[in-house]
$ cat structure27.pdb   # PDB, N, CA and C atoms
MODEL        1
ATOM      1  N   MET V  21     106.652 135.532  88.745
ATOM      2  CA  MET V  21     105.982 134.299  88.423
ATOM      3  C   MET V  21     106.809 133.518  87.415
ATOM      4  N   GLY V  22     106.869 132.223  87.574
ATOM      5  CA  GLY V  22     107.599 131.383  86.650
ATOM      6  C   GLY V  22     109.076 131.265  86.940
ATOM      7  N   LYS V  23     109.521 131.796  88.062
ATOM      8  CA  LYS V  23     110.937 131.702  88.410
ATOM      9  C   LYS V  23     111.133 130.528  89.359
ATOM     10  N   PRO V  24     112.081 129.644  89.063
ATOM     11  CA  PRO V  24     112.286 128.477  89.914
ATOM     12  C   PRO V  24     112.827 128.864  91.291
ATOM     13  N   ILE V  25     112.310 128.194  92.317
ATOM     14  CA  ILE V  25     112.784 128.448  93.679
ATOM     15  C   ILE V  25     113.325 127.172  94.314
ATOM     16  N   ASP V  26     113.494 126.111  93.513
ATOM     17  CA  ASP V  26     113.955 124.843  94.070
ATOM     18  C   ASP V  26     115.463 124.690  94.058
ATOM     19  N   GLY V  27     116.193 125.679  93.526
ATOM     20  CA  GLY V  27     117.641 125.626  93.533
ATOM     21  C   GLY V  27     118.249 124.765  92.443
ATOM     22  N   ARG V  28     117.449 124.285  91.515
ATOM     23  CA  ARG V  28     117.961 123.429  90.445
ATOM     24  C   ARG V  28     118.244 124.193  89.160
ATOM     25  N   GLY V  29     118.048 125.498  89.168
ATOM     26  CA  GLY V  29     118.332 126.290  87.980
ATOM     27  C   GLY V  29     117.111 126.470  87.104
ATOM     28  N   ASN V  30     117.321 127.110  85.963
ATOM     29  CA  ASN V  30     116.229 127.403  85.045
ATOM     30  C   ASN V  30     115.794 126.159  84.288
ATOM     31  N   PHE V  31     114.533 126.143  83.925
ATOM     32  CA  PHE V  31     113.951 125.076  83.127
ATOM     33  C   PHE V  31     114.024 125.491  81.668
ATOM     34  N   LYS V  32     114.524 124.633  80.801
ATOM     35  CA  LYS V  32     114.672 124.945  79.386
ATOM     36  C   LYS V  32     113.575 124.228  78.591
ATOM     37  N   PRO V  33     112.491 124.926  78.258
ATOM     38  CA  PRO V  33     111.419 124.282  77.493
ATOM     39  C   PRO V  33     111.834 124.039  76.048
ATOM     40  N   ALA V  34     111.297 122.983  75.457
ATOM     41  CA  ALA V  34     111.584 122.673  74.060
ATOM     42  C   ALA V  34     110.804 123.599  73.130
ATOM     43  N   ALA V  35     109.638 124.057  73.573
ATOM     44  CA  ALA V  35     108.807 124.939  72.762
ATOM     45  C   ALA V  35     107.932 125.782  73.683
ATOM     46  N   TYR V  36     107.379 126.826  73.130
ATOM     47  CA  TYR V  36     106.482 127.701  73.877
ATOM     48  C   TYR V  36     105.100 127.652  73.247
ATOM     49  N   ARG V  37     104.094 127.878  74.099
ATOM     50  CA  ARG V  37     102.715 127.898  73.632
ATOM     51  C   ARG V  37     101.956 128.929  74.450
ATOM     52  N   PRO V  38     101.050 129.670  73.834
ATOM     53  CA  PRO V  38     100.290 130.653  74.605
ATOM     54  C   PRO V  38      99.471 129.980  75.714
ATOM     55  N   VAL V  39      99.371 130.646  76.849
ATOM     56  CA  VAL V  39      98.591 130.106  77.962
ATOM     57  C   VAL V  39      97.124 130.045  77.575
ATOM     58  N   GLU V  40      96.626 131.121  77.001
ATOM     59  CA  GLU V  40      95.227 131.179  76.581
ATOM     60  C   GLU V  40      95.131 130.760  75.122
ATOM     61  N   SER V  41      94.973 129.476  74.886
ATOM     62  CA  SER V  41      94.819 128.990  73.522
ATOM     63  C   SER V  41      93.671 127.984  73.505
ATOM     64  N   PRO V  42      92.935 127.923  72.415
ATOM     65  CA  PRO V  42      91.806 126.996  72.364
ATOM     66  C   PRO V  42      92.289 125.538  72.369
ATOM     67  N   ALA V  43      91.565 124.706  73.069
ATOM     68  CA  ALA V  43      91.889 123.285  73.118
ATOM     69  C   ALA V  43      91.487 122.632  71.801
ATOM     70  N   PRO V  44      92.199 121.581  71.408
ATOM     71  CA  PRO V  44      91.783 120.891  70.187
ATOM     72  C   PRO V  44      90.412 120.259  70.385
ATOM     73  N   GLY V  45      89.670 120.137  69.319
ATOM     74  CA  GLY V  45      88.343 119.533  69.389
ATOM     75  C   GLY V  45      88.422 118.073  69.815
ATOM     76  N   ILE V  46      87.322 117.546  70.304
ATOM     77  CA  ILE V  46      87.295 116.160  70.773
ATOM     78  C   ILE V  46      87.642 115.200  69.642
ATOM     79  N   ALA V  47      87.152 115.446  68.445
ATOM     80  CA  ALA V  47      87.417 114.552  67.313
ATOM     81  C   ALA V  47      88.888 114.578  66.915
ATOM     82  N   ALA V  48      89.577 115.693  67.138
ATOM     83  CA  ALA V  48      90.980 115.814  66.730
ATOM     84  C   ALA V  48      91.936 115.149  67.718
ATOM     85  N   ARG V  49      91.471 114.839  68.912
ATOM     86  CA  ARG V  49      92.341 114.234  69.924
ATOM     87  C   ARG V  49      92.514 112.747  69.665
ATOM     88  N   GLU V  50      93.670 112.250  70.053
ATOM     89  CA  GLU V  50      93.914 110.818  69.911
ATOM     90  C   GLU V  50      93.237 110.075  71.055
ATOM     91  N   PRO V  51      92.707 108.891  70.787
ATOM     92  CA  PRO V  51      92.083 108.131  71.871
ATOM     93  C   PRO V  51      93.133 107.611  72.848
ATOM     94  N   VAL V  52      92.710 107.409  74.080
ATOM     95  CA  VAL V  52      93.594 106.858  75.097
ATOM     96  C   VAL V  52      93.709 105.359  74.867
ATOM     97  N   THR V  53      94.926 104.898  74.626
ATOM     98  CA  THR V  53      95.127 103.469  74.368
ATOM     99  C   THR V  53      96.017 102.810  75.413
ATOM    100  N   VAL V  54      96.773 103.607  76.154
ATOM    101  CA  VAL V  54      97.694 103.059  77.164
ATOM    102  C   VAL V  54      97.209 103.485  78.543
ATOM    103  N   PRO V  55      96.905 102.538  79.423
ATOM    104  CA  PRO V  55      96.448 102.922  80.760
ATOM    105  C   PRO V  55      97.599 103.379  81.643
ATOM    106  N   LEU V  56      97.286 104.213  82.594
ATOM    107  CA  LEU V  56      98.231 104.637  83.618
ATOM    108  C   LEU V  56      97.903 103.846  84.878
ATOM    109  N   GLN V  57      98.867 103.192  85.451
ATOM    110  CA  GLN V  57      98.644 102.383  86.638
ATOM    111  C   GLN V  57      99.103 103.149  87.870
ATOM    112  N   PRO V  58      98.167 103.697  88.655
ATOM    113  CA  PRO V  58      98.561 104.411  89.869
ATOM    114  C   PRO V  58      99.236 103.507  90.896
ATOM    115  N   GLY V  59      98.982 102.208  90.833
ATOM    116  CA  GLY V  59      99.606 101.288  91.780
ATOM    117  C   GLY V  59      98.759 101.033  93.012
ATOM    118  N   LEU V  60      97.604 101.643  93.092
ATOM    119  CA  LEU V  60      96.677 101.408  94.196
ATOM    120  C   LEU V  60      95.533 100.557  93.643
ATOM    121  N   LYS V  61      95.366  99.366  94.165
ATOM    122  CA  LYS V  61      94.431  98.411  93.574
ATOM    123  C   LYS V  61      93.014  98.948  93.449
ATOM    124  N   ALA V  62      92.544  99.647  94.473
ATOM    125  CA  ALA V  62      91.178 100.177  94.425
ATOM    126  C   ALA V  62      91.011 101.179  93.280
ATOM    127  N   ILE V  63      91.987 102.039  93.104
ATOM    128  CA  ILE V  63      91.892 103.040  92.036
ATOM    129  C   ILE V  63      92.095 102.385  90.672
ATOM    130  N   ASP V  64      93.047 101.454  90.577
ATOM    131  CA  ASP V  64      93.265 100.745  89.316
ATOM    132  C   ASP V  64      91.988 100.051  88.850
ATOM    133  N   ALA V  65      91.241  99.459  89.791
ATOM    134  CA  ALA V  65      90.037  98.705  89.444
ATOM    135  C   ALA V  65      88.825  99.595  89.197
ATOM    136  N   LEU V  66      88.652 100.652  89.981
ATOM    137  CA  LEU V  66      87.431 101.445  89.908
ATOM    138  C   LEU V  66      87.493 102.618  88.940
ATOM    139  N   VAL V  67      88.643 103.257  88.841
ATOM    140  CA  VAL V  67      88.750 104.481  88.050
ATOM    141  C   VAL V  67      89.844 104.307  87.006
ATOM    142  N   PRO V  68      89.505 103.847  85.806
ATOM    143  CA  PRO V  68      90.547 103.709  84.787
ATOM    144  C   PRO V  68      91.084 105.078  84.358
ATOM    145  N   ILE V  69      92.379 105.218  84.400
ATOM    146  CA  ILE V  69      93.029 106.469  84.009
ATOM    147  C   ILE V  69      93.907 106.177  82.800
ATOM    148  N   GLY V  70      93.788 106.994  81.774
ATOM    149  CA  GLY V  70      94.617 106.826  80.586
ATOM    150  C   GLY V  70      95.811 107.747  80.637
ATOM    151  N   ARG V  71      96.912 107.311  80.054
ATOM    152  CA  ARG V  71      98.085 108.179  79.980
ATOM    153  C   ARG V  71      97.732 109.413  79.178
ATOM    154  N   GLY V  72      98.181 110.555  79.674
ATOM    155  CA  GLY V  72      97.912 111.809  78.997
ATOM    156  C   GLY V  72      96.700 112.530  79.546
ATOM    157  N   GLN V  73      95.919 111.865  80.374
ATOM    158  CA  GLN V  73      94.768 112.525  80.979
ATOM    159  C   GLN V  73      95.202 113.295  82.208
ATOM    160  N   ARG V  74      94.454 114.335  82.514
ATOM    161  CA  ARG V  74      94.672 115.063  83.752
ATOM    162  C   ARG V  74      93.678 114.545  84.772
ATOM    163  N   GLU V  75      94.112 114.455  85.998
ATOM    164  CA  GLU V  75      93.230 113.984  87.061
ATOM    165  C   GLU V  75      93.157 115.021  88.156
ATOM    166  N   LEU V  76      91.948 115.324  88.577
ATOM    167  CA  LEU V  76      91.717 116.225  89.689
ATOM    168  C   LEU V  76      91.264 115.379  90.864
ATOM    169  N   ILE V  77      91.975 115.479  91.966
ATOM    170  CA  ILE V  77      91.641 114.696  93.154
ATOM    171  C   ILE V  77      90.950 115.628  94.139
ATOM    172  N   ILE V  78      89.675 115.358  94.391
ATOM    173  CA  ILE V  78      88.869 116.215  95.258
ATOM    174  C   ILE V  78      88.451 115.422  96.489
ATOM    175  N   GLY V  79      88.479 116.079  97.642
ATOM    176  CA  GLY V  79      88.019 115.432  98.862
ATOM    177  C   GLY V  79      88.202 116.336 100.061
ATOM    178  N   ASP V  80      87.647 115.919 101.168
ATOM    179  CA  ASP V  80      87.774 116.676 102.408
ATOM    180  C   ASP V  80      89.182 116.568 102.959
ATOM    181  N   ARG V  81      89.449 117.404 103.968
ATOM    182  CA  ARG V  81      90.752 117.356 104.629
ATOM    183  C   ARG V  81      90.965 116.004 105.276
ATOM    184  N   GLY V  82      92.186 115.520 105.207
ATOM    185  CA  GLY V  82      92.543 114.286 105.902
ATOM    186  C   GLY V  82      92.055 113.013 105.235
ATOM    187  N   THR V  83      91.652 113.080 103.955
ATOM    188  CA  THR V  83      91.163 111.867 103.289
ATOM    189  C   THR V  83      92.237 111.166 102.469
ATOM    190  N   GLY V  84      93.440 111.705 102.422
ATOM    191  CA  GLY V  84      94.538 111.028 101.735
ATOM    192  C   GLY V  84      94.737 111.420 100.293
ATOM    193  N   LYS V  85      94.285 112.605  99.899
ATOM    194  CA  LYS V  85      94.447 113.042  98.516
ATOM    195  C   LYS V  85      95.921 113.157  98.132
ATOM    196  N   THR V  86      96.712 113.757  98.999
ATOM    197  CA  THR V  86      98.141 113.913  98.713
ATOM    198  C   THR V  86      98.826 112.564  98.660
ATOM    199  N   ALA V  87      98.472 111.660  99.543
ATOM    200  CA  ALA V  87      99.083 110.324  99.546
ATOM    201  C   ALA V  87      98.801 109.589  98.240
ATOM    202  N   ILE V  88      97.590 109.712  97.723
ATOM    203  CA  ILE V  88      97.251 109.071  96.446
ATOM    204  C   ILE V  88      98.106 109.660  95.327
ATOM    205  N   ALA V  89      98.213 110.991  95.297
ATOM    206  CA  ALA V  89      98.993 111.648  94.247
ATOM    207  C   ALA V  89     100.467 111.250  94.324
ATOM    208  N   ILE V  90     101.037 111.253  95.519
ATOM    209  CA  ILE V  90     102.457 110.929  95.674
ATOM    210  C   ILE V  90     102.712 109.463  95.340
ATOM    211  N   ASP V  91     101.847 108.558  95.793
ATOM    212  CA  ASP V  91     102.005 107.137  95.457
ATOM    213  C   ASP V  91     101.943 106.918  93.952
ATOM    214  N   THR V  92     101.034 107.616  93.298
ATOM    215  CA  THR V  92     100.916 107.487  91.840
ATOM    216  C   THR V  92     102.180 107.985  91.148
ATOM    217  N   ILE V  93     102.709 109.121  91.609
ATOM    218  CA  ILE V  93     103.938 109.656  91.015
ATOM    219  C   ILE V  93     105.099 108.681  91.216
ATOM    220  N   LEU V  94     105.235 108.155  92.429
ATOM    221  CA  LEU V  94     106.337 107.232  92.718
ATOM    222  C   LEU V  94     106.218 105.930  91.929
ATOM    223  N   ASN V  95     104.987 105.497  91.640
ATOM    224  CA  ASN V  95     104.794 104.255  90.891
ATOM    225  C   ASN V  95     105.074 104.405  89.398
ATOM    226  N   GLN V  96     105.326 105.610  88.928
ATOM    227  CA  GLN V  96     105.618 105.819  87.507
ATOM    228  C   GLN V  96     107.108 105.760  87.198
ATOM    229  N   LYS V  97     107.917 105.421  88.186
ATOM    230  CA  LYS V  97     109.363 105.333  87.972
ATOM    231  C   LYS V  97     109.667 104.313  86.875
ATOM    232  N   ASP V  98     110.551 104.672  85.988
ATOM    233  CA  ASP V  98     111.015 103.824  84.882
ATOM    234  C   ASP V  98     109.912 103.475  83.888
ATOM    235  N   THR V  99     108.854 104.287  83.805
ATOM    236  CA  THR V  99     107.798 104.035  82.822
ATOM    237  C   THR V  99     107.794 105.081  81.710
ATOM    238  N   GLY V 100     108.585 106.129  81.859
ATOM    239  CA  GLY V 100     108.621 107.184  80.851
ATOM    240  C   GLY V 100     107.489 108.188  80.984
ATOM    241  N   VAL V 101     106.718 108.097  82.049
ATOM    242  CA  VAL V 101     105.603 109.021  82.269
ATOM    243  C   VAL V 101     106.117 110.260  82.990
ATOM    244  N   ILE V 102     105.698 111.419  82.534
ATOM    245  CA  ILE V 102     106.046 112.672  83.189
ATOM    246  C   ILE V 102     104.869 113.066  84.071
ATOM    247  N   CYS V 103     105.116 113.194  85.361
ATOM    248  CA  CYS V 103     104.069 113.576  86.319
ATOM    249  C   CYS V 103     104.356 114.980  86.836
ATOM    250  N   ILE V 104     103.312 115.767  86.939
ATOM    251  CA  ILE V 104     103.435 117.126  87.463
ATOM    252  C   ILE V 104     102.492 117.250  88.644
ATOM    253  N   TYR V 105     103.044 117.575  89.797
ATOM    254  CA  TYR V 105     102.251 117.771  91.007
ATOM    255  C   TYR V 105     102.065 119.261  91.193
ATOM    256  N   VAL V 106     100.841 119.724  91.152
ATOM    257  CA  VAL V 106     100.542 121.146  91.274
ATOM    258  C   VAL V 106      99.977 121.402  92.663
ATOM    259  N   ALA V 107     100.600 122.307  93.394
ATOM    260  CA  ALA V 107     100.182 122.615  94.759
ATOM    261  C   ALA V 107      99.802 124.090  94.840
ATOM    262  N   ILE V 108      98.675 124.425  94.264
ATOM    263  CA  ILE V 108      98.219 125.815  94.261
ATOM    264  C   ILE V 108      97.700 126.170  95.647
ATOM    265  N   GLY V 109      98.168 127.287  96.168
ATOM    266  CA  GLY V 109      97.701 127.761  97.459
ATOM    267  C   GLY V 109      98.391 127.117  98.647
ATOM    268  N   GLN V 110      99.372 126.266  98.394
ATOM    269  CA  GLN V 110     100.094 125.621  99.485
ATOM    270  C   GLN V 110     101.298 126.469  99.867
ATOM    271  N   LYS V 111     101.682 126.406 101.118
ATOM    272  CA  LYS V 111     102.869 127.115 101.561
ATOM    273  C   LYS V 111     104.104 126.430 100.973
ATOM    274  N   THR V 112     105.111 127.225 100.647
ATOM    275  CA  THR V 112     106.345 126.678 100.087
ATOM    276  C   THR V 112     106.971 125.677 101.035
ATOM    277  N   SER V 113     106.903 125.941 102.340
ATOM    278  CA  SER V 113     107.491 125.015 103.309
ATOM    279  C   SER V 113     106.774 123.664 103.297
ATOM    280  N   SER V 114     105.462 123.675 103.104
ATOM    281  CA  SER V 114     104.707 122.420 103.049
ATOM    282  C   SER V 114     105.086 121.604 101.819
ATOM    283  N   VAL V 115     105.197 122.274 100.680
ATOM    284  CA  VAL V 115     105.557 121.579  99.448
ATOM    285  C   VAL V 115     106.997 121.088  99.528
ATOM    286  N   ALA V 116     107.883 121.878 100.116
ATOM    287  CA  ALA V 116     109.286 121.463 100.263
ATOM    288  C   ALA V 116     109.389 120.228 101.145
ATOM    289  N   ARG V 117     108.621 120.189 102.228
ATOM    290  CA  ARG V 117     108.628 119.024 103.117
ATOM    291  C   ARG V 117     108.086 117.790 102.390
ATOM    292  N   LEU V 118     107.086 117.990 101.557
ATOM    293  CA  LEU V 118     106.474 116.896 100.811
ATOM    294  C   LEU V 118     107.414 116.340  99.752
ATOM    295  N   THR V 119     108.144 117.214  99.064
ATOM    296  CA  THR V 119     108.987 116.781  97.946
ATOM    297  C   THR V 119     110.426 116.490  98.343
ATOM    298  N   LYS V 120     110.800 116.729  99.599
ATOM    299  CA  LYS V 120     112.186 116.496 100.030
ATOM    300  C   LYS V 120     112.625 115.050  99.787
ATOM    301  N   PRO V 121     111.824 114.046 100.112
ATOM    302  CA  PRO V 121     112.257 112.667  99.864
ATOM    303  C   PRO V 121     112.459 112.359  98.382
ATOM    304  N   TRP V 122     111.812 113.112  97.484
ATOM    305  CA  TRP V 122     111.957 112.849  96.056
ATOM    306  C   TRP V 122     113.388 113.024  95.594
ATOM    307  N   LYS V 123     114.119 113.935  96.209
ATOM    308  CA  LYS V 123     115.479 114.211  95.753
ATOM    309  C   LYS V 123     116.401 113.020  95.960
ATOM    310  N   THR V 124     116.110 112.179  96.947
ATOM    311  CA  THR V 124     116.939 110.995  97.176
ATOM    312  C   THR V 124     116.300 109.731  96.620
ATOM    313  N   MET V 125     114.972 109.608  96.769
ATOM    314  CA  MET V 125     114.286 108.398  96.314
ATOM    315  C   MET V 125     114.148 108.349  94.800
ATOM    316  N   VAL V 126     113.723 109.436  94.209
ATOM    317  CA  VAL V 126     113.483 109.483  92.770
ATOM    318  C   VAL V 126     114.151 110.720  92.182
ATOM    319  N   PRO V 127     115.424 110.619  91.833
ATOM    320  CA  PRO V 127     116.131 111.796  91.320
ATOM    321  C   PRO V 127     115.570 112.308  90.003
ATOM    322  N   TRP V 128     114.744 111.522  89.310
ATOM    323  CA  TRP V 128     114.148 111.959  88.052
ATOM    324  C   TRP V 128     112.978 112.900  88.281
ATOM    325  N   ALA V 129     112.470 112.990  89.510
ATOM    326  CA  ALA V 129     111.327 113.853  89.802
ATOM    327  C   ALA V 129     111.792 115.289  89.953
ATOM    328  N   ILE V 130     111.088 116.181  89.318
ATOM    329  CA  ILE V 130     111.411 117.600  89.390
ATOM    330  C   ILE V 130     110.189 118.320  89.949
ATOM    331  N   PRO V 131     110.191 118.667  91.234
ATOM    332  CA  PRO V 131     109.040 119.394  91.773
ATOM    333  C   PRO V 131     109.012 120.823  91.235
ATOM    334  N   LEU V 132     107.852 121.245  90.815
ATOM    335  CA  LEU V 132     107.680 122.613  90.314
ATOM    336  C   LEU V 132     106.749 123.333  91.266
ATOM    337  N   TRP V 133     107.235 124.323  91.956
ATOM    338  CA  TRP V 133     106.385 125.134  92.833
ATOM    339  C   TRP V 133     106.855 126.536  92.843
TER     340      TRP V 133
ENDMDL
END
$ encode --input "structure27.pdb" --output "structure tokens"
Amino acid sequence: MGKPIDGRGNFKPAAYRPVESPAPGIAAREPVTVPLQPGLKAIDALVPIGRGQRELIIGDRGTGKTAIAIDTILNQKDTGVICIYVAIGQKTSSVARLTKPWKTMVPWAIPLW
């Protein structure tokens, strides 16, 4: 677990933190002041997302959850936002097919699977 399989070598973290650690209290967290623009007008208007928030996309099969996530990631180019796409339970071949265009379109994207 934790070994890269994308052929890009090891990831060098700046710091380490225990996986099981208590989250900071609500009062200790900084308020969200900068919005994240997914680039999809319906989502921008209906569901305000702040930078630094985590978003869980839930829906039935074939409803476009992956397309929303990928469009949002691609729309963050040149904004300084770090996006992480987590594909738990997906086959490696499926994730590789999904992230293959990233290597040419957005070289700053680093798929982690």
$ closest_residue --input "structure27.pdb" --among "V:Ile46, V:Ile78, V:Ile93, V:Val39" --to "V:Gly59" --atoms "all atoms listed in the file"
V:Ile93
$ closest_residue --input "structure27.pdb" --among "V:Asp80, V:Gln57, V:Thr119, V:Ala89" --to "V:Val101" --atoms "only C-alpha atoms"
V:Gln57
$ atom_distance --input "structure27.pdb" --atom1 "atom N of V:Pro68" --atom2 "atom N of V:Pro55"
9.9 Å
$ select_by_dssp --input "structure27.pdb" --residues "chain V" --states "strand (DSSP E or B)" --output "number ranges by chain"
V: 55-56, 69-70
$ select_by_dssp --input "structure27.pdb" --residues "chain V" --states "alpha helix (DSSP H)" --output "list of chain:residue names"
V:Lys61, V:Ala62, V:Ile63, V:Asp64, V:Ala65, V:Leu66, V:Lys85, V:Thr86, V:Ala87, V:Ile88, V:Ala89, V:Ile90, V:Asp91, V:Thr92, V:Ile93, V:Leu94, V:Thr112, V:Ser113, V:Ser114, V:Val115, V:Ala116, V:Arg117, V:Leu118, V:Thr119, V:Trp122, V:Lys123, V:Thr124, V:Met125
$ atom_distance --input "structure27.pdb" --atom1 "atom CA of V:Ile69" --atom2 "atom C of V:Asp91"
13.4 Å
$ atom_distance --input "structure27.pdb" --atom1 "atom N of V:Lys97" --atom2 "atom N of V:Gly29"
22.5 Å
$ build_atoms --input "structure27.pdb" --residues "stretch 33-46 of chain V" --atoms "N, CA, C and O atoms" --output "mmCIF file, in the frame of the given file"
data_model
loop_
_atom_site.group_PDB
_atom_site.id
_atom_site.type_symbol
_atom_site.label_atom_id
_atom_site.label_comp_id
_atom_site.auth_asym_id
_atom_site.auth_seq_id
_atom_site.Cartn_x
_atom_site.Cartn_y
_atom_site.Cartn_z
ATOM 1 N N PRO V 33 112.491 124.926 78.258
ATOM 2 C CA PRO V 33 111.419 124.282 77.493
ATOM 3 C C PRO V 33 111.834 124.039 76.048
ATOM 4 O O PRO V 33 112.631 124.793 75.476
ATOM 5 N N ALA V 34 111.297 122.983 75.457
ATOM 6 C CA ALA V 34 111.584 122.673 74.060
ATOM 7 C C ALA V 34 110.804 123.599 73.130
ATOM 8 O O ALA V 34 111.238 123.888 72.016
ATOM 9 N N ALA V 35 109.638 124.057 73.573
ATOM 10 C CA ALA V 35 108.807 124.939 72.762
ATOM 11 C C ALA V 35 107.932 125.782 73.683
ATOM 12 O O ALA V 35 107.781 125.465 74.858
ATOM 13 N N TYR V 36 107.379 126.826 73.130
ATOM 14 C CA TYR V 36 106.482 127.701 73.877
ATOM 15 C C TYR V 36 105.100 127.652 73.247
ATOM 16 O O TYR V 36 104.964 127.423 72.043
ATOM 17 N N ARG V 37 104.094 127.878 74.099
ATOM 18 C CA ARG V 37 102.715 127.898 73.632
ATOM 19 C C ARG V 37 101.956 128.929 74.450
ATOM 20 O O ARG V 37 102.196 129.056 75.644
ATOM 21 N N PRO V 38 101.050 129.670 73.834
ATOM 22 C CA PRO V 38 100.290 130.653 74.605
ATOM 23 C C PRO V 38 99.471 129.980 75.714
ATOM 24 O O PRO V 38 98.950 128.884 75.525
ATOM 25 N N VAL V 39 99.371 130.646 76.849
ATOM 26 C CA VAL V 39 98.591 130.106 77.962
ATOM 27 C C VAL V 39 97.124 130.045 77.575
ATOM 28 O O VAL V 39 96.439 129.048 77.795
ATOM 29 N N GLU V 40 96.626 131.121 77.001
ATOM 30 C CA GLU V 40 95.227 131.179 76.581
ATOM 31 C C GLU V 40 95.131 130.760 75.122
ATOM 32 O O GLU V 40 95.213 131.582 74.216
ATOM 33 N N SER V 41 94.973 129.476 74.886
ATOM 34 C CA SER V 41 94.819 128.990 73.522
ATOM 35 C C SER V 41 93.671 127.984 73.505
ATOM 36 O O SER V 41 93.445 127.268 74.481
ATOM 37 N N PRO V 42 92.935 127.923 72.415
ATOM 38 C CA PRO V 42 91.806 126.996 72.364
ATOM 39 C C PRO V 42 92.289 125.538 72.369
ATOM 40 O O PRO V 42 93.299 125.203 71.751
ATOM 41 N N ALA V 43 91.565 124.706 73.069
ATOM 42 C CA ALA V 43 91.889 123.285 73.118
ATOM 43 C C ALA V 43 91.487 122.632 71.801
ATOM 44 O O ALA V 43 90.547 123.086 71.143
ATOM 45 N N PRO V 44 92.199 121.581 71.408
ATOM 46 C CA PRO V 44 91.783 120.891 70.187
ATOM 47 C C PRO V 44 90.412 120.259 70.385
ATOM 48 O O PRO V 44 90.035 119.898 71.495
ATOM 49 N N GLY V 45 89.670 120.137 69.319
ATOM 50 C CA GLY V 45 88.343 119.533 69.389
ATOM 51 C C GLY V 45 88.422 118.073 69.815
ATOM 52 O O GLY V 45 89.460 117.414 69.683
ATOM 53 N N ILE V 46 87.322 117.546 70.304
ATOM 54 C CA ILE V 46 87.295 116.160 70.773
ATOM 55 C C ILE V 46 87.642 115.200 69.642
ATOM 56 O O ILE V 46 88.376 114.224 69.832
#
